[in-house]
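Input: a single structure, listed below in structure tokens.
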Amino acid sequence: MKNIIATSIALLTATSAMAVDDTLKWQGVTGTDLHGEWCALGSVVTGNMTYNATTKKWLTTKSAKIVVTARKISNVKVESQGQLYKSNSATTSNVTVDLNDSWVDVTGAGADAVRATKTLSPTTVAEITGGFPTSGPDYTILTITLGGTATVTNPETLIEDSAYQVHHKVTCTL
Amino acid sequence: MKILILFIGMLIPSLGFAHSQTPGFQVVKPTTLAHPETYIIKNHYDFPITLAIEVYNKDGSPAEGWRMRGNKYAWNLLPNSSKDVTIEFKAVNVRKLLVCSKLIGVGYEQEKPSVESNVCSRLIIDGFRR
């Protein structure tokens, strides 16, 4: 919410007998929310995985990407919802996603600090914590690239030549 | 060959497409045992969405001792519209909470989104000691 407090100064009629205060001027103070915390999910690019029947695992063949644009946040987390979907309906199978081939590129405000202090823990959760600027109007842009493997609890329930989906959740904490 | 798609191919190219929530981080000293806080949730997408409010403890576990004023927990928002939602928190001891608005539906049909965005505000309530 934008909150601008303007201080108005009453007009003075100056006469030759009055000292002119040349410090009088219009002034205002911006509220703290003018450039407040902000987080937006930017572009989302689909990734692909291919099933290996021998290992009974899916392996990434094309990484997925999520762009998050943020200001003054504390944490961004990406995690699998833990279920396998077929045409947007959940199947009976749970899936464990190991995001062991994931990374994050940082640009924009405080990029160096975020790069230097971020903690990316790419196991089942890709999480970026720390280093985000606490002041200023500019945005930090995180491009999170996701890759790794996925293991289904009941591989015998999979149907040949079928496409499945794993849905993810992006959480941004202000 | 079985193919797994990590994400639905949905391109959302600019900053303006998202949902947002304000205020962000707050520390409050309540004056009543049922402390009300109002959050503004906004739909920046160019399609209708449904958002649900959820409250968690700092460790991510579901929080207790809160309720939505009006007992409404999900809101349908038209494009570029916002809603003020008021939550009442039990204000006892120090509580460190995450107040989150979660995208649970997309479009008029409220389809489940393939990428569920979740925006969380941190809230510290320095409540009454018992």
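Each chain of the structure tokens is named A, B, ... in the order shown, its residues numbered from 1; ligands are numbered from 1 in display order.
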- Item | Distance query Thr143 (chain A) at most 7 Å, only C-alpha atoms, self and fewer than 5 positions along chain excluded, as a ChimeraX atom specification | /A:65-68,104-106
Within 8 Å of chain B, which residues of chain A show up when using only C-alpha atoms, listed as a compact mmCIF listing (two decimals) with N, CA and C atoms, in the first residue's frame?
# COMPACT_ATOMS: atom_id res chain seq x y z
N MET A 1 0.84 -1.17 0.00
CA MET A 1 0.00 0.00 0.00
C MET A 1 0.88 1.22 0.00
N ASP A 33 5.87 1.66 2.99
CA ASP A 33 5.38 0.63 2.08
C ASP A 33 5.54 0.99 0.60
N GLY A 36 7.79 -1.51 -0.71
CA GLY A 36 7.72 -2.59 0.26
C GLY A 36 8.10 -3.94 -0.33
N GLU A 37 7.90 -4.94 0.48
CA GLU A 37 8.25 -6.29 0.05
C GLU A 37 7.38 -6.73 -1.13
N TRP A 38 7.97 -7.47 -2.01
CA TRP A 38 7.26 -7.88 -3.21
C TRP A 38 7.85 -9.18 -3.72
N CYS A 39 6.99 -10.04 -4.20
CA CYS A 39 7.49 -11.28 -4.80
C CYS A 39 6.55 -11.68 -5.92
N ALA A 40 7.09 -11.99 -7.07
CA ALA A 40 6.24 -12.36 -8.20
C ALA A 40 6.83 -13.56 -8.92
N LEU A 41 5.95 -14.46 -9.26
CA LEU A 41 6.36 -15.61 -10.07
C LEU A 41 6.40 -15.14 -11.51
N GLY A 42 7.58 -15.20 -12.11
CA GLY A 42 7.72 -14.75 -13.49
C GLY A 42 7.48 -15.90 -14.45
N SER A 43 8.34 -16.04 -15.42
CA SER A 43 8.09 -17.09 -16.42
C SER A 43 8.36 -18.47 -15.84
N VAL A 44 7.58 -19.41 -16.31
CA VAL A 44 7.75 -20.81 -15.93
C VAL A 44 7.96 -21.61 -17.21
N VAL A 45 9.05 -22.33 -17.29
CA VAL A 45 9.34 -23.10 -18.50
C VAL A 45 9.30 -24.59 -18.15
N THR A 46 8.55 -25.32 -18.95
CA THR A 46 8.38 -26.75 -18.72
C THR A 46 9.68 -27.51 -18.87
N GLY A 47 9.88 -28.46 -18.01
CA GLY A 47 11.01 -29.38 -18.16
C GLY A 47 10.51 -30.75 -18.56
N ASN A 48 11.44 -31.62 -18.95
CA ASN A 48 11.06 -32.98 -19.31
C ASN A 48 11.97 -34.00 -18.62
N MET A 49 11.39 -35.13 -18.31
CA MET A 49 12.17 -36.24 -17.78
C MET A 49 11.81 -37.49 -18.57
N THR A 50 12.75 -38.40 -18.64
CA THR A 50 12.50 -39.65 -19.37
C THR A 50 12.70 -40.84 -18.44
N TYR A 51 11.81 -41.80 -18.59
CA TYR A 51 11.82 -42.94 -17.67
C TYR A 51 12.86 -43.97 -18.06
N TRP A 58 12.98 -41.61 -13.30
CA TRP A 58 13.00 -40.63 -14.37
C TRP A 58 14.24 -39.76 -14.21
N ALA A 64 13.70 -27.65 -16.06
CA ALA A 64 12.61 -26.68 -15.93
C ALA A 64 13.17 -25.39 -15.35
N THR A 69 10.81 -12.78 -9.33
CA THR A 69 11.27 -11.39 -9.16
C THR A 69 10.84 -10.93 -7.78
N ASN A 88 -3.74 -33.62 -15.29
CA ASN A 88 -4.18 -32.73 -14.22
C ASN A 88 -4.94 -33.41 -13.09
N ILE A 159 1.50 -46.49 -16.91
CA ILE A 159 0.98 -47.01 -18.17
C ILE A 159 1.95 -46.66 -19.28
N GLU A 160 2.19 -47.64 -20.18
CA GLU A 160 3.13 -47.43 -21.30
C GLU A 160 2.70 -46.24 -22.17
N ASP A 161 3.70 -45.55 -22.70
CA ASP A 161 3.46 -44.44 -23.64
C ASP A 161 2.51 -43.38 -23.09
N SER A 162 2.63 -43.12 -21.85
CA SER A 162 1.77 -42.10 -21.24
C SER A 162 2.60 -40.95 -20.70
N ALA A 163 1.99 -39.80 -20.66
CA ALA A 163 2.68 -38.62 -20.11
C ALA A 163 2.17 -38.35 -18.71
N TYR A 164 3.08 -38.07 -17.85
CA TYR A 164 2.74 -37.74 -16.46
C TYR A 164 3.33 -36.38 -16.10
N GLN A 165 2.83 -35.85 -15.03
CA GLN A 165 3.32 -34.54 -14.57
C GLN A 165 3.63 -34.59 -13.09
N VAL A 166 4.63 -33.81 -12.73
CA VAL A 166 4.88 -33.56 -11.31
C VAL A 166 4.64 -32.07 -11.10
N HIS A 167 3.76 -31.73 -10.21
CA HIS A 167 3.49 -30.32 -9.95
C HIS A 167 4.37 -29.81 -8.82
N HIS A 168 4.67 -28.54 -8.89
CA HIS A 168 5.55 -27.95 -7.89
C HIS A 168 4.89 -26.75 -7.21
N LYS A 169 5.43 -26.46 -6.06
CA LYS A 169 4.95 -25.30 -5.29
C LYS A 169 6.10 -24.33 -5.09
N VAL A 170 5.87 -23.07 -5.39
CA VAL A 170 6.87 -22.02 -5.16
C VAL A 170 6.39 -21.17 -3.99
N THR A 171 7.19 -21.10 -2.95
CA THR A 171 6.82 -20.29 -1.79
C THR A 171 7.81 -19.15 -1.61
N CYS A 172 7.27 -17.96 -1.52
CA CYS A 172 8.10 -16.78 -1.34
C CYS A 172 7.74 -16.16 0.00
N THR A 173 8.70 -16.05 0.87
CA THR A 173 8.43 -15.47 2.19
C THR A 173 8.97 -14.06 2.26
N LEU A 174 8.07 -13.14 2.59
CA LEU A 174 8.43 -11.73 2.60
C LEU A 174 9.15 -11.36 3.89
Excluding same-chain residues fewer than 4 positions from Gly65 (chain B), what lies within 9 Å of it counting only C-alpha atoms, as a JSON list (two decimals) with N, CA and C atoms, in the first residue's frame?
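Below is the file that was written, part_18.json:
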[["chain", "number", "residue", "atom", "x", "y", "z"],
["B", 88, "GLU", "N", -7.95, -13.18, 12.69],
["B", 88, "GLU", "CA", -7.82, -12.96, 14.14],
["B", 88, "GLU", "C", -6.91, -14.02, 14.73],
["B", 89, "PHE", "N", -5.91, -13.54, 15.47],
["B", 89, "PHE", "CA", -4.92, -14.44, 16.06],
["B", 89, "PHE", "C", -5.07, -14.45, 17.57],
["B", 90, "LYS", "N", -4.93, -15.61, 18.15],
["B", 90, "LYS", "CA", -4.87, -15.72, 19.60],
["B", 90, "LYS", "C", -3.55, -15.11, 20.04],
["B", 91, "ALA", "N", -3.65, -14.07, 20.89],
["B", 91, "ALA", "CA", -2.45, -13.29, 21.21],
["B", 91, "ALA", "C", -1.91, -13.65, 22.58]]
Item to complete: Enter the distance from CA of Val27 (chain B) to CA of Trp66 (chain B), in Å, rounded to one decimal.
Response: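 Taking CA of Val27 (chain B) and CA of Trp66 (chain B), their separation equals 16.5 Å.
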Q | Backbone-only DSSP, strand (DSSP E or B) members of region 11-130 of chain B, as a PyMOL selection string | A | chain B and resi 19-22+26-28+34-43+49-57+62+66-68+74-77+81-90+92+94-106+111+115-126+128
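Comparing the minimum interatomic distances between Met68 (chain B) and each of B:Arg129, B:Lys42, B:His35, B:Arg95, counting only C-alpha atoms, we find that B:His35 sits nearest.
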